[in-house]
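Structure file run-v5.csv with CSV, C-alpha atoms:
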```csv
chain,number,residue,atom,x,y,z
A,11,MET,CA,75.0,118.9,114.1
A,12,MET,CA,78.6,118.3,115.0
A,13,ASN,CA,78.8,115.2,112.9
A,14,GLN,CA,77.5,116.7,109.7
A,15,SER,CA,80.0,116.7,106.9
A,16,THR,CA,80.7,119.9,105.0
A,17,ARG,CA,81.8,120.0,101.4
A,18,ILE,CA,85.2,121.6,100.9
A,19,GLU,CA,86.5,123.2,97.7
A,20,ILE,CA,90.1,124.4,97.5
A,21,PRO,CA,91.4,126.0,94.3
A,22,GLY,CA,94.5,124.3,93.0
A,23,SER,CA,97.4,126.2,91.4
A,24,ASP,CA,95.5,126.0,88.1
A,25,SER,CA,92.3,127.2,89.7
A,26,GLN,CA,90.7,123.8,89.3
A,27,LEU,CA,88.9,122.8,92.5
A,28,ILE,CA,90.1,120.1,95.0
A,29,VAL,CA,86.8,118.7,96.3
A,30,GLY,CA,86.4,116.9,99.6
A,31,ASP,CA,84.3,116.6,102.8
A,32,ARG,CA,85.1,117.6,106.4
A,33,ILE,CA,83.4,116.7,109.7
A,34,PRO,CA,84.3,119.0,112.6
A,35,GLY,CA,85.4,117.5,115.9
A,36,GLN,CA,87.4,117.8,119.1
A,37,GLU,CA,90.7,116.5,120.3
A,38,ARG,CA,92.0,115.3,117.0
A,39,GLN,CA,91.3,115.2,113.2
A,40,LEU,CA,91.8,112.2,110.9
A,41,LEU,CA,92.7,113.0,107.3
A,42,PHE,CA,92.3,110.1,104.9
A,43,VAL,CA,94.5,110.1,101.8
A,44,THR,CA,93.3,107.7,99.1
A,45,GLY,CA,95.4,105.4,96.9
A,46,PHE,CA,96.1,105.9,93.3
A,47,LEU,CA,92.9,106.5,91.3
A,48,SER,CA,90.7,105.7,94.3
A,49,LYS,CA,87.7,107.9,95.2
A,50,ARG,CA,87.5,109.6,98.6
A,51,TRP,CA,84.4,107.7,99.8
A,52,GLY,CA,85.3,104.0,99.9
A,53,ASN,CA,84.7,101.4,102.7
A,54,LYS,CA,87.8,102.5,104.6
A,55,SER,CA,87.0,106.2,104.6
A,56,LYS,CA,83.4,105.5,105.5
A,57,ALA,CA,84.5,103.3,108.4
A,58,LEU,CA,86.9,106.0,109.6
A,59,ALA,CA,84.2,108.7,109.3
A,60,ASP,CA,81.9,106.6,111.5
A,61,LEU,CA,84.7,106.1,114.0
A,62,CYS,CA,85.3,109.8,114.2
A,63,ARG,CA,81.6,110.6,114.7
A,64,GLU,CA,81.5,108.1,117.5
A,65,ARG,CA,84.6,109.6,119.2
A,66,GLY,CA,83.7,113.2,118.5
A,67,TRP,CA,86.8,113.6,116.3
A,68,GLY,CA,87.2,115.6,113.1
A,69,PHE,CA,87.5,113.8,109.8
A,70,CYS,CA,88.4,114.8,106.3
A,71,CYS,CA,88.8,113.2,102.9
A,72,PHE,CA,89.2,114.5,99.4
A,73,ASP,CA,89.7,113.7,95.7
A,74,PHE,CA,92.9,114.6,93.9
A,75,ARG,CA,92.5,116.9,90.9
A,76,GLY,CA,91.7,114.9,87.8
A,77,ASN,CA,90.0,112.2,89.9
A,78,GLY,CA,86.6,111.7,91.5
A,79,GLU,CA,84.6,114.8,92.0
A,80,SER,CA,87.6,117.2,91.9
A,81,GLU,CA,88.0,119.3,88.8
A,82,GLY,CA,90.5,118.8,85.9
A,83,ALA,CA,91.5,116.0,83.6
A,84,PHE,CA,93.6,113.1,84.9
A,85,ALA,CA,96.2,113.5,82.1
A,86,ASP,CA,97.0,117.1,83.2
A,87,TYR,CA,98.3,116.1,86.6
A,88,THR,CA,101.3,114.3,88.0
A,89,LEU,CA,102.6,113.1,91.3
A,90,LEU,CA,103.8,116.5,92.4
A,91,ASP,CA,100.4,118.0,91.6
A,92,TRP,CA,98.7,115.4,93.8
A,93,LEU,CA,101.2,116.0,96.6
A,94,GLU,CA,100.4,119.7,96.3
A,95,ASP,CA,96.7,118.9,96.6
A,96,ALA,CA,97.3,116.9,99.8
A,97,ARG,CA,99.4,119.8,101.1
A,98,SER,CA,96.6,122.2,100.5
A,99,VAL,CA,94.1,120.1,102.4
A,100,THR,CA,96.6,119.5,105.3
A,101,LYS,CA,97.2,123.3,105.5
A,102,MET,CA,93.5,123.9,105.8
A,103,LEU,CA,93.3,121.5,108.7
A,104,ALA,CA,95.7,123.6,110.7
A,105,ASP,CA,92.8,125.6,112.1
A,106,GLY,CA,91.6,122.6,114.1
A,107,PRO,CA,92.9,120.0,116.6
A,108,PRO,CA,96.1,118.0,115.9
A,109,VAL,CA,96.0,115.9,112.7
A,110,THR,CA,96.5,112.2,112.2
A,111,ILE,CA,97.0,111.3,108.5
A,112,ILE,CA,95.8,107.9,107.4
A,113,GLY,CA,97.1,107.1,103.9
A,114,SER,CA,96.4,104.0,101.7
A,115,SER,CA,98.8,102.8,99.1
A,116,LEU,CA,100.1,105.8,97.2
A,117,GLY,CA,98.3,107.9,99.8
A,118,GLY,CA,100.5,106.2,102.4
A,119,TRP,CA,103.7,107.5,100.8
A,120,LEU,CA,102.1,111.0,100.4
A,121,ALA,CA,101.1,110.8,104.1
A,122,TRP,CA,104.7,110.1,105.1
A,123,LEU,CA,105.9,113.2,103.1
A,124,LEU,CA,103.2,115.4,104.7
A,125,GLY,CA,104.2,114.2,108.1
A,126,GLN,CA,107.7,115.4,107.5
A,127,GLU,CA,106.5,118.9,106.5
A,128,PHE,CA,103.8,119.9,108.9
A,129,SER,CA,104.1,120.3,112.6
A,130,HIS,CA,100.4,120.0,113.3
A,131,VAL,CA,100.5,116.4,111.8
A,132,GLN,CA,101.3,114.4,115.0
A,133,GLN,CA,100.6,110.8,113.9
A,134,LEU,CA,100.6,108.7,110.7
A,135,VAL,CA,98.9,105.4,109.8
A,136,LEU,CA,100.2,104.0,106.5
A,137,LEU,CA,98.3,101.2,105.0
A,138,ALA,CA,100.3,99.2,102.4
A,139,PRO,CA,102.3,102.4,101.6
A,140,ALA,CA,103.4,102.5,98.0
A,141,PHE,CA,106.9,104.1,98.4
A,142,ASN,CA,108.3,105.2,95.1
A,143,MET,CA,105.3,103.6,93.4
A,144,MET,CA,106.0,104.8,89.8
A,145,GLY,CA,109.7,104.3,90.0
A,146,LYS,CA,109.0,100.6,90.9
A,147,ARG,CA,106.4,100.4,88.2
A,148,ALA,CA,108.9,101.5,85.6
A,149,LYS,CA,111.4,98.8,86.8
A,150,ASP,CA,108.8,96.1,86.8
A,151,ILE,CA,107.6,96.3,83.2
A,152,SER,CA,109.5,95.0,80.2
A,153,PRO,CA,112.4,97.0,78.8
A,154,GLU,CA,110.6,97.5,75.5
A,155,ARG,CA,107.5,98.9,77.2
A,156,ARG,CA,109.6,101.1,79.5
A,157,GLN,CA,111.5,102.5,76.5
A,158,GLN,CA,108.2,103.2,74.7
A,159,TRP,CA,106.9,105.0,77.8
A,160,GLN,CA,109.9,107.2,77.9
A,161,GLU,CA,110.0,108.0,74.2
A,162,THR,CA,106.3,108.7,73.8
A,163,GLY,CA,105.9,110.2,77.3
A,164,TRP,CA,102.8,108.2,78.0
A,165,MET,CA,101.7,104.7,78.8
A,166,PRO,CA,98.1,103.4,79.4
A,167,TRP,CA,97.5,102.3,82.9
A,168,ASP,CA,96.2,98.9,81.8
A,169,ASP,CA,96.5,96.6,84.9
A,170,ASP,CA,92.7,96.3,85.1
A,171,ALA,CA,89.6,97.2,83.2
A,172,LEU,CA,88.9,100.2,85.4
A,173,HIS,CA,92.1,102.0,84.6
A,174,LYS,CA,93.3,100.7,81.3
A,175,ASP,CA,92.2,103.8,79.4
A,176,LEU,CA,94.0,106.3,81.6
A,177,PRO,CA,97.2,107.7,80.1
A,178,LEU,CA,100.0,107.9,82.6
A,179,SER,CA,102.8,110.5,82.0
A,180,TRP,CA,106.5,109.5,82.3
A,181,LYS,CA,106.7,112.5,84.6
A,182,TRP,CA,105.1,110.4,87.3
A,183,VAL,CA,108.2,108.2,87.2
A,184,GLU,CA,110.7,111.1,87.2
A,185,GLU,CA,109.0,112.8,90.0
A,186,SER,CA,108.6,109.6,92.0
A,187,GLU,CA,112.3,108.8,91.7
A,188,ALA,CA,113.3,112.4,92.6
A,189,LEU,CA,111.1,112.3,95.7
A,190,TRP,CA,112.4,108.9,96.7
A,191,ALA,CA,116.1,110.1,96.3
A,192,ARG,CA,115.5,112.9,98.7
A,193,ARG,CA,114.6,110.7,101.6
A,194,LEU,CA,115.6,112.6,104.7
A,195,ASP,CA,118.7,111.7,106.6
A,196,SER,CA,117.3,113.4,109.7
A,197,PRO,CA,113.6,112.7,109.5
A,198,ARG,CA,111.1,114.6,111.7
A,199,ARG,CA,109.8,112.2,114.4
A,200,VAL,CA,106.1,111.6,113.9
A,201,SER,CA,104.5,108.6,115.6
A,202,THR,CA,103.9,106.2,112.7
A,203,ARG,CA,102.2,102.8,112.3
A,204,ILE,CA,102.5,100.9,109.1
A,205,VAL,CA,99.9,98.2,108.4
A,206,HIS,CA,100.6,95.8,105.5
A,207,GLY,CA,98.8,92.7,104.3
A,208,LEU,CA,101.1,89.7,104.0
A,209,GLN,CA,99.3,88.5,100.8
A,210,ASP,CA,99.6,91.9,99.1
A,211,VAL,CA,101.0,91.3,95.6
A,212,VAL,CA,100.4,94.8,94.4
A,213,ILE,CA,102.7,96.6,96.9
A,214,LEU,CA,104.9,93.9,98.4
A,215,PRO,CA,105.1,94.0,102.2
A,216,LYS,CA,108.9,93.7,102.0
A,217,GLY,CA,108.9,97.3,100.9
A,218,SER,CA,107.4,98.4,104.2
A,219,TRP,CA,109.9,96.2,106.1
A,220,GLU,CA,112.9,97.7,104.1
A,221,PHE,CA,111.6,101.3,104.7
A,222,VAL,CA,111.4,100.7,108.4
A,223,GLU,CA,114.8,99.1,108.5
A,224,HIS,CA,116.3,102.0,106.5
A,225,LEU,CA,114.6,104.6,108.7
A,226,LEU,CA,115.9,103.0,111.9
A,227,THR,CA,119.4,103.1,110.6
A,228,GLN,CA,119.0,106.9,110.3
A,229,ASP,CA,117.3,107.3,113.7
A,230,PRO,CA,117.3,104.2,115.9
A,231,GLN,CA,114.7,105.8,118.2
A,232,TYR,CA,112.2,106.7,115.5
A,233,PRO,CA,108.7,106.1,116.9
A,234,ILE,CA,107.6,103.6,114.2
A,235,GLU,CA,105.7,100.3,114.4
A,236,LEU,CA,105.2,97.8,111.6
A,237,LEU,CA,102.1,95.5,111.7
A,238,LEU,CA,102.1,92.6,109.2
A,239,LYS,CA,98.7,91.0,109.0
A,240,THR,CA,96.9,88.4,106.9
A,241,GLY,CA,95.3,90.3,104.0
A,242,ASP,CA,95.7,91.5,100.4
A,243,HIS,CA,96.3,95.0,99.0
A,244,ARG,CA,92.7,96.1,99.3
A,245,PHE,CA,92.8,95.1,103.0
A,246,SER,CA,89.0,95.2,102.9
A,247,SER,CA,87.7,92.0,104.5
A,248,PRO,CA,85.7,92.4,107.7
A,249,ALA,CA,88.7,91.2,109.7
A,250,ASN,CA,91.0,93.6,107.9
A,251,LEU,CA,88.7,96.6,108.4
A,252,GLN,CA,88.5,95.7,112.1
A,253,THR,CA,92.3,95.7,112.3
A,254,PHE,CA,92.4,99.0,110.5
A,255,LEU,CA,89.9,100.6,112.8
A,256,GLU,CA,91.5,99.2,115.9
A,257,VAL,CA,94.8,100.9,114.9
A,258,ALA,CA,93.0,104.2,114.2
A,259,HIS,CA,91.1,103.9,117.5
A,260,ARG,CA,94.3,103.2,119.5
A,261,LEU,CA,95.8,106.5,118.5
A,262,GLN,CA,96.8,108.6,121.5
```
What is this file in structure tokens?
Amino acid sequence: MMNQSTRIEIPGSDSQLIVGDRIPGQERQLLFVTGFLSKRWGNKSKALADLCRERGWGFCCFDFRGNGESEGAFADYTLLDWLEDARSVTKMLADGPPVTIIGSSLGGWLAWLLGQEFSHVQQLVLLAPAFNMMGKRAKDISPERRQQWQETGWMPWDDDALHKDLPLSWKWVEESEALWARRLDSPRRVSTRIVHGLQDVVILPKGSWEFVEHLLTQDPQYPIELLLKTGDHRFSSPANLQTFLEVAHRLQ
């Protein structure tokens, strides 16, 4: 059956497997890139997969190494490793129709980076993109905690009970800042829609506004649209999911 998903396994540079699922399709493929520490099959990815089945489009989602069903331990990987995982999956999709990447939170920033690199990526949908997520995290915590993070090299990710025991390397901050500093002066034009909830207190919507503003100073004709909607960071209410699917469905 065309809409049957196939498990994918791609070896990372350390031979640990990146695990995901792929549904074949025609006309276009949607690649969903999850947020930080999210698993590949949540309500957004399930809704997108259903949409793709209805439309006969391809769909793909995956877990980063050290997370979900993919191999490896979380502490062994950093931002550049996760970007490399997303690159590997994006490269694999080059054998099919044009790709639209839909990224959530940290996945939104990674989606933007991938769109700059790969010519078969033709569209982006960024949901509450967490631009320079770890650089901002380091600025938002107390100076004492930041100094301890730098000196020890680790900090527990303790914002909620689900993640409090996960050690976060200071390399995440260094790599995040380095990637952010290398924003392109002449960005590749990829049709981009950013959707951000106005009640998002995790990744503030002003970050998306400032990103678009900066981008348009570099390229006033850049094909980008910013949609600010009622909703929080999870953007998971029935109305939010409907908005999310409508944006994905409208892709040309």
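The smallest atom-to-atom distance between Ala104 (chain A) and any of A:Pro21, A:Gly145, A:Gly68, A:Gly241, using all atoms listed in the file, is found for A:Gly68.
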* Could you name the residues that touch Lys49 (chain A) at 7 Å or less, counting all atoms listed in the file, but leaving out those on the same chain fewer than 3 positions away, as a PyMOL selection string? -> chain A and resi 44+52+73+78
* To do: For each of A:Thr110, A:Gln126, A:Thr88, A:Ser186, take the minimum atom-to-atom distance to Ala148 (chain A), counting only C-alpha atoms, then give the residue where this is smallest.
  => A:Ser186
* List as a PyMOL selection string: which residues have an atom within 12 Å of (91.7, 93.2, 101.8), counting only C-alpha atoms? -> chain A and resi 53-54+114+137-138+205-212+239-254
Within 12 Å of region 221-227 of chain A: each region 93-164 of chain A residue with its shortest pair, all atoms listed in the file, as a Markdown table:
```
| residue | atom | partner | partner_atom | distance |
| --- | --- | --- | --- | --- |
| A:Trp119 | CA | A:Phe221 | CA | 10.8 |
| A:Trp122 | CA | A:Phe221 | CA | 11.2 |
| A:Leu136 | CA | A:Val222 | CA | 11.8 |
| A:Ala138 | CA | A:Phe221 | CA | 11.7 |
| A:Pro139 | CA | A:Phe221 | CA | 9.9 |
| A:Ala140 | CA | A:Phe221 | CA | 10.7 |
| A:Phe141 | CA | A:Phe221 | CA | 8.3 |
| A:Asn142 | CA | A:Phe221 | CA | 10.9 |
```
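If all atoms listed in the file are the atoms counted, then among A:Pro177, A:Pro153, A:Gly113, A:Gly217 the closest residue to Leu58 (chain A) is A:Gly113.
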* To do: Take CA of Leu178 (chain A) and CA of Trp92 (chain A) and report the distance between them in Å, one decimal.
  => 13.5 Å
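If all atoms listed in the file are the atoms counted, then among A:Pro230, A:Pro166, A:Gly45, A:Pro197 the closest residue to Cys71 (chain A) is A:Gly45.
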* Write out as a list in words the residues lying within 12 Å of Arg198 (chain A), counting all atoms listed in the file and excluding same-chain residues fewer than 3 positions away. =>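 Here the answer would be Trp122, Leu123, Leu124, Gly125, Gln126, Glu127, Phe128, Ser129, Val131, Gln132, Gln133, Arg193, Leu194, Asp195, Ser201, Thr202, Leu225, Gln228, Asp229, Gln231, Tyr232, Pro233 and Ile234 of chain A.
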* How far is it from CA of Gln36 (chain A) to CA of Ser15 (chain A), in Å with one decimal? ->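 Distance reported for this atom pair: 14.3 Å.
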* To do: Write out as a list in words each polymer residue whose atoms come within 8 Å of Gly163 (chain A), counting all atoms listed in the file; drop sequence neighbours fewer than 4 positions from it.
  => Gln158, Trp159, Ser179, Trp180 and Lys181 of chain A
* To do: Please provide as a VMD selection string all residues within 6 Å of Arg203 (chain A), with the sequence filter that same-chain residues fewer than 4 positions apart are discarded (counting only C-alpha atoms).
  => chain A and resid 135 234 to 236
* Structure fact -> Separating CA of Gly22 (chain A) from CA of Glu81 (chain A), to the nearest tenth of an Å, is a gap of 9.2 Å
* Asked: Which is closer to Trp51 (chain A) than all the others in A:Cys70, A:Leu214, A:Glu37, A:Thr100, using only C-alpha atoms?
  ->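 Of A:Cys70, A:Leu214, A:Glu37, A:Thr100, the one nearest Trp51 (chain A) is A:Cys70, counting only C-alpha atoms.
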* Which one is closest to Glu64 (chain A): A:His259, A:Asp105, A:Ala85, A:Glu94? Count only C-alpha atoms. ->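 That would be A:His259, the residue with the smallest distance to Glu64 (chain A).
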* Neighbours of Trp182 (chain A) within 9 Å (all atoms listed in the file; same-chain residues fewer than 5 positions away dropped), as a ChimeraX atom specification? -> /A:87-90,144-145,187
